[in-house]
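Colleague: This is the content of final37.pdb (PDB, C-alpha atoms):
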ATOM      1  CA  MET P   1     165.586 131.198 134.560
ATOM      2  CA  GLN P   2     165.221 134.733 133.209
ATOM      3  CA  ARG P   3     163.420 133.464 130.131
ATOM      4  CA  THR P   4     160.956 131.533 132.298
ATOM      5  CA  ILE P   5     160.211 134.584 134.456
ATOM      6  CA  LEU P   6     159.846 136.733 131.338
ATOM      7  CA  THR P   7     157.505 134.099 129.885
ATOM      8  CA  ILE P   8     155.307 134.144 132.986
ATOM      9  CA  ILE P   9     155.143 137.954 133.050
ATOM     10  CA  MET P  10     154.383 138.337 129.338
ATOM     11  CA  ALA P  11     151.781 135.562 129.343
ATOM     12  CA  LEU P  12     150.073 137.078 132.383
ATOM     13  CA  ILE P  13     150.001 140.497 130.720
ATOM     14  CA  THR P  14     148.628 138.943 127.528
ATOM     15  CA  ALA P  15     145.835 137.153 129.365
ATOM     16  CA  ILE P  16     144.872 140.215 131.413
ATOM     17  CA  VAL P  17     144.839 142.566 128.431
ATOM     18  CA  ALA P  18     142.914 140.115 126.240
ATOM     19  CA  VAL P  19     140.261 139.512 128.870
ATOM     20  CA  MET P  20     139.943 143.216 129.690
ATOM     21  CA  PHE P  21     139.326 144.211 126.087
ATOM     22  CA  ILE P  22     137.495 141.151 124.731
ATOM     23  CA  LEU P  23     135.487 139.590 127.560
ATOM     24  CA  LEU P  24     134.900 142.553 129.858
ATOM     25  CA  ASN P  25     134.355 145.007 126.970
ATOM     26  CA  LEU P  26     136.497 147.687 128.579
ATOM     27  CA  SER P  27     137.769 150.502 126.406
ATOM     28  CA  ILE P  28     141.001 152.425 126.834
ATOM     29  CA  ASP P  29     138.965 155.331 128.219
ATOM     30  CA  ALA P  30     137.388 153.040 130.824
ATOM     31  CA  ILE P  31     140.808 151.757 131.864
ATOM     32  CA  PHE P  32     142.134 155.320 132.193
ATOM     33  CA  ALA P  33     139.039 156.210 134.233
ATOM     34  CA  ILE P  34     139.839 153.343 136.603
ATOM     35  CA  ILE P  35     143.461 154.423 136.913
ATOM     36  CA  THR P  36     142.614 158.083 137.559
ATOM     37  CA  SER P  37     139.731 157.388 139.947
ATOM     38  CA  GLY P  38     140.128 158.179 143.605
ATOM     39  CA  ASN P  39     139.789 154.574 144.732
ATOM     40  CA  VAL P  40     142.016 152.622 142.352
ATOM     41  CA  LYS P  41     142.219 149.560 144.611
ATOM     42  CA  ALA P  42     138.446 149.041 144.775
ATOM     43  CA  GLU P  43     138.035 149.693 141.056
ATOM     44  CA  MET P  44     140.778 147.194 140.187
ATOM     45  CA  MET P  45     139.186 144.598 142.476
ATOM     46  CA  ASN P  46     135.908 145.060 140.581
ATOM     47  CA  VAL P  47     137.706 144.542 137.258
ATOM     48  CA  LEU P  48     140.137 141.776 138.235
ATOM     49  CA  ALA P  49     137.617 139.529 140.028
ATOM     50  CA  PRO P  50     135.599 138.736 136.871
ATOM     51  CA  LEU P  51     138.821 138.681 134.856
ATOM     52  CA  PHE P  52     140.302 135.774 136.808
ATOM     53  CA  ALA P  53     136.898 134.078 136.970
ATOM     54  CA  GLU P  54     136.616 134.129 133.169
ATOM     55  CA  VAL P  55     140.120 132.797 132.543
ATOM     56  CA  ILE P  56     140.138 129.988 135.098
ATOM     57  CA  THR P  57     136.700 128.548 134.200
ATOM     58  CA  PRO P  58     136.762 127.732 130.466
ATOM     59  CA  PHE P  59     134.631 124.567 130.747
ATOM     60  CA  THR P  60     131.895 126.424 132.599
ATOM     61  CA  GLU P  61     132.027 129.274 130.090
ATOM     62  CA  VAL P  62     131.831 126.895 127.111
ATOM     63  CA  SER P  63     128.838 125.203 128.745
ATOM     64  CA  ASN P  64     127.207 128.650 128.776
ATOM     65  CA  GLY P  65     128.049 129.241 125.102
ATOM     66  CA  ILE P  66     131.017 131.583 125.654
ATOM     67  CA  TYR P  67     134.103 130.336 123.806
ATOM     68  CA  THR P  68     136.349 133.365 124.254
ATOM     69  CA  PRO P  69     138.151 132.080 127.408
ATOM     70  CA  LEU P  70     139.435 129.113 125.387
ATOM     71  CA  ALA P  71     140.803 131.496 122.766
ATOM     72  CA  VAL P  72     142.420 133.676 125.422
ATOM     73  CA  LEU P  73     144.036 130.644 127.038
ATOM     74  CA  GLY P  74     145.226 129.402 123.637
ATOM     75  CA  ILE P  75     146.760 132.746 122.711
ATOM     76  CA  THR P  76     148.365 133.069 126.139
ATOM     77  CA  GLY P  77     149.879 129.595 125.917
ATOM     78  CA  PHE P  78     151.078 130.170 122.363
ATOM     79  CA  ILE P  79     152.832 133.406 123.323
ATOM     80  CA  ALA P  80     154.339 131.682 126.360
ATOM     81  CA  GLY P  81     155.701 128.987 124.043
ATOM     82  CA  LEU P  82     157.096 131.524 121.589
ATOM     83  CA  ILE P  83     158.978 133.329 124.338
ATOM     84  CA  SER P  84     160.160 130.258 126.241
ATOM     85  CA  LYS P  85     161.490 128.272 123.233
ATOM     86  CA  SER P  86     161.364 125.049 125.259
ATOM     87  CA  GLY P  87     158.711 122.546 126.262
ATOM     88  CA  THR P  88     160.033 122.230 129.811
ATOM     89  CA  ARG P  89     160.042 125.995 130.276
ATOM     90  CA  VAL P  90     156.497 126.082 128.926
ATOM     91  CA  LEU P  91     155.455 123.473 131.483
ATOM     92  CA  VAL P  92     156.969 125.449 134.366
ATOM     93  CA  SER P  93     155.468 128.692 133.079
ATOM     94  CA  ILE P  94     152.016 127.195 132.583
ATOM     95  CA  VAL P  95     151.948 125.698 136.069
ATOM     96  CA  ALA P  96     153.000 129.073 137.518
ATOM     97  CA  LEU P  97     150.321 130.852 135.459
ATOM     98  CA  LEU P  98     147.625 128.446 136.617
ATOM     99  CA  VAL P  99     148.664 128.968 140.234
ATOM    100  CA  ILE P 100     148.483 132.760 139.743
ATOM    101  CA  PHE P 101     145.084 132.514 138.023
ATOM    102  CA  PHE P 102     143.740 130.144 140.698
ATOM    103  CA  LEU P 103     144.958 132.251 143.619
ATOM    104  CA  GLY P 104     143.637 135.397 141.963
ATOM    105  CA  PHE P 105     140.277 133.704 141.450
ATOM    106  CA  ILE P 106     140.012 132.637 145.096
ATOM    107  CA  VAL P 107     141.300 135.866 146.633
ATOM    108  CA  LEU P 108     139.470 138.354 144.433
ATOM    109  CA  ASN P 109     136.148 136.524 144.475
ATOM    110  CA  GLY P 110     136.294 136.020 148.250
ATOM    111  CA  LEU P 111     135.666 132.291 148.180
ATOM    112  CA  GLY P 112     136.920 131.732 151.708
ATOM    113  CA  PRO P 113     139.869 132.165 154.017
ATOM    114  CA  LEU P 114     143.350 131.686 152.593
ATOM    115  CA  GLU P 115     143.895 128.194 153.930
ATOM    116  CA  VAL P 116     144.949 124.945 152.309
ATOM    117  CA  GLU P 117     141.496 123.430 152.910
ATOM    118  CA  THR P 118     139.851 126.284 151.024
ATOM    119  CA  PHE P 119     142.222 125.848 148.075
ATOM    120  CA  LYS P 120     141.641 122.090 148.059
ATOM    121  CA  ASN P 121     137.857 122.368 148.216
ATOM    122  CA  VAL P 122     137.685 124.992 145.457
ATOM    123  CA  ALA P 123     140.108 123.013 143.270
ATOM    124  CA  LEU P 124     138.101 119.809 143.688
ATOM    125  CA  GLY P 125     134.977 121.656 142.642
ATOM    126  CA  MET P 126     136.733 122.974 139.537
ATOM    127  CA  LYS P 127     138.512 119.834 138.334
ATOM    128  CA  ALA P 128     137.223 120.057 134.774
ATOM    129  CA  ASP P 129     137.935 123.781 134.482
ATOM    130  CA  LEU P 130     141.483 123.474 135.814
ATOM    131  CA  THR P 131     142.224 120.449 133.626
ATOM    132  CA  ILE P 132     141.016 122.160 130.464
ATOM    133  CA  SER P 133     142.876 125.349 131.376
ATOM    134  CA  PHE P 134     146.085 123.389 131.832
ATOM    135  CA  PHE P 135     145.805 121.411 128.611
ATOM    136  CA  VAL P 136     144.816 124.382 126.444
ATOM    137  CA  LEU P 137     147.679 126.468 127.845
ATOM    138  CA  PHE P 138     150.192 123.625 127.623
ATOM    139  CA  MET P 139     149.324 122.330 124.156
ATOM    140  CA  SER P 140     149.284 125.785 122.599
ATOM    141  CA  GLY P 141     152.509 126.547 124.470
ATOM    142  CA  VAL P 142     154.212 123.457 123.047
ATOM    143  CA  ILE P 143     153.095 124.502 119.551
ATOM    144  CA  GLY P 144     154.512 127.994 120.104
ATOM    145  CA  ALA P 145     157.754 126.563 121.476
ATOM    146  CA  SER P 146     158.135 124.289 118.466
ATOM    147  CA  PHE P 147     158.193 127.364 116.208
ATOM    148  CA  THR P 148     161.069 129.002 118.061
ATOM    149  CA  THR P 149     163.092 125.994 119.244
ATOM    150  CA  GLU P 150     166.750 126.493 118.535
ATOM    151  CA  GLY P 151     168.574 123.525 117.054
ATOM    152  CA  TYR P 152     171.873 122.716 118.722
TER     153      TYR P 152
END
Using structure tokens, write down the structure from this file.
Modeller:
Amino acid sequence: MQRTILTIIMALITAIVAVMFILLNLSIDAIFAIITSGNVKAEMMNVLAPLFAEVITPFTEVSNGIYTPLAVLGITGFIAGLISKSGTRVLVSIVALLVIFFLGFIVLNGLGPLEVETFKNVALGMKADLTISFFVLFMSGVIGASFTTEGY
């Protein structure tokens, strides 16, 4: 259980850091400026809203010629697999990560009230994006887990 929680935390940190530096073009100075600003909550909302939007919509981004979200998802899944050492732990971790990404996307982009109907309607509109996100995370996670699987 601890390894699964650690996997989720480390994969989430990996995805956030990768998107902040690569997709959003933030520098360390810009991140420190956000942290030391007077209104940290509003600044973080401005940074995290596009962050979750980039990660959870890889199909849409690829359609627009931006392939970086696929790479970020692949790296995140691979690191999750390396830490988890098991395909079943990877599956649990990836599902938890997708739920976190999806909820972050809905909440931070203000797509509606936090109700089951809102989640269902948004998810149905993003079927391709969610499916690709899951498979990229899971397949790269299984590859990472195969490297560190312990033989018993």
Colleague: Running the PyMOL selection byres ((chain P and resi 91) around 10) on this model by hand, what would come out? Give it as a PDB file with C-alpha atoms, in the coordinates of the input.
Modeller:
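Ended up saving to selection-v2.pdb:
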ATOM      1  CA  THR P   4     160.956 131.533 132.298  1.00  0.00           C
ATOM      2  CA  GLY P  77     149.879 129.595 125.917  1.00  0.00           C
ATOM      3  CA  ALA P  80     154.339 131.682 126.360  1.00  0.00           C
ATOM      4  CA  GLY P  81     155.701 128.987 124.043  1.00  0.00           C
ATOM      5  CA  SER P  84     160.160 130.258 126.241  1.00  0.00           C
ATOM      6  CA  SER P  86     161.364 125.049 125.259  1.00  0.00           C
ATOM      7  CA  GLY P  87     158.711 122.546 126.262  1.00  0.00           C
ATOM      8  CA  THR P  88     160.033 122.230 129.811  1.00  0.00           C
ATOM      9  CA  ARG P  89     160.042 125.995 130.276  1.00  0.00           C
ATOM     10  CA  VAL P  90     156.497 126.082 128.926  1.00  0.00           C
ATOM     11  CA  VAL P  92     156.969 125.449 134.366  1.00  0.00           C
ATOM     12  CA  SER P  93     155.468 128.692 133.079  1.00  0.00           C
ATOM     13  CA  ILE P  94     152.016 127.195 132.583  1.00  0.00           C
ATOM     14  CA  VAL P  95     151.948 125.698 136.069  1.00  0.00           C
ATOM     15  CA  ALA P  96     153.000 129.073 137.518  1.00  0.00           C
ATOM     16  CA  LEU P  97     150.321 130.852 135.459  1.00  0.00           C
ATOM     17  CA  PHE P 134     146.085 123.389 131.832  1.00  0.00           C
ATOM     18  CA  LEU P 137     147.679 126.468 127.845  1.00  0.00           C
ATOM     19  CA  PHE P 138     150.192 123.625 127.623  1.00  0.00           C
ATOM     20  CA  MET P 139     149.324 122.330 124.156  1.00  0.00           C
ATOM     21  CA  GLY P 141     152.509 126.547 124.470  1.00  0.00           C
ATOM     22  CA  VAL P 142     154.212 123.457 123.047  1.00  0.00           C
TER      23      VAL P 142
END
Colleague: Could you give me, as a list in words, the residues within 7 Å of range 50-54 of chain P, counting all atoms listed in the file and dropping anything in the same chain fewer than 5 positions from it?
Modeller: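 With the cut-off at 7 Å, the set is Val19, Met20, Pro69, Phe101, Gly104 and Phe105 of chain P.
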Colleague: Which residue, P:Leu82, P:Ile35, P:Ala18, P:Met44, has the smallest gap to Ala145 in chain P when you use only C-alpha atoms?
Modeller: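 Closest candidate: P:Leu82.
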Colleague: What do you get, as a count of residues only, if you spell out every residue that the PyMOL selection byres ((chain P and resi 120-127) around 9) selects here?
Modeller: 15
Colleague: Please report the interatomic distance between CA of Val55 in chain P and CA of Thr36 in chain P in Å with one decimal.
Modeller: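 Between these atoms lies a distance of 25.9 Å.
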Colleague: Measuring between only C-alpha atoms, which one of P:Met1, P:Ile100, P:Val136, P:Ile143 shows the shortest distance to Ile16 in chain P?
Modeller: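 Once distances to Ile16 in chain P are computed over only C-alpha atoms, the minimum belongs to P:Ile100.
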Colleague: Once the PyMOL selection byres ((chain P and resi 148) around 8) has been evaluated on this model, what residues remain selected, and can you format them as a CSV table (one decimal) with C-alpha atoms, in the coordinates of the input?
Modeller:
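Listed below is the output, expr_26.csv:
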chain,number,residue,atom,x,y,z
P,82,LEU,CA,157.1,131.5,121.6
P,83,ILE,CA,159.0,133.3,124.3
P,85,LYS,CA,161.5,128.3,123.2
P,144,GLY,CA,154.5,128.0,120.1
P,145,ALA,CA,157.8,126.6,121.5
P,146,SER,CA,158.1,124.3,118.5
P,147,PHE,CA,158.2,127.4,116.2
P,149,THR,CA,163.1,126.0,119.2
P,150,GLU,CA,166.8,126.5,118.5
Colleague: Smallest atom-to-atom distance to Ile31 in chain P: which of P:Val47, P:Ile5, P:Leu114, P:Asn109, using all atoms listed in the file?
Modeller: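 Ranked by minimum distance to Ile31 in chain P, first place goes to P:Val47.
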Colleague: CA of Pro113 in chain P and CA of Leu24 in chain P, how far apart in Å?
Modeller: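 Answer for the CA of Leu24 in chain P to CA of Pro113 in chain P separation: 26.8 Å.
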Colleague: Quote the spacing between CA of Thr14 in chain P and CA of Ile34 in chain P in Å to one decimal place.
Modeller: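 So the answer is 19.2 Å.
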Colleague: Calculated over all atoms listed in the file, which of the candidates P:Ala42, P:Leu48, P:Met10, P:Leu103 has the smallest distance to Leu23 in chain P?
Modeller: P:Leu48
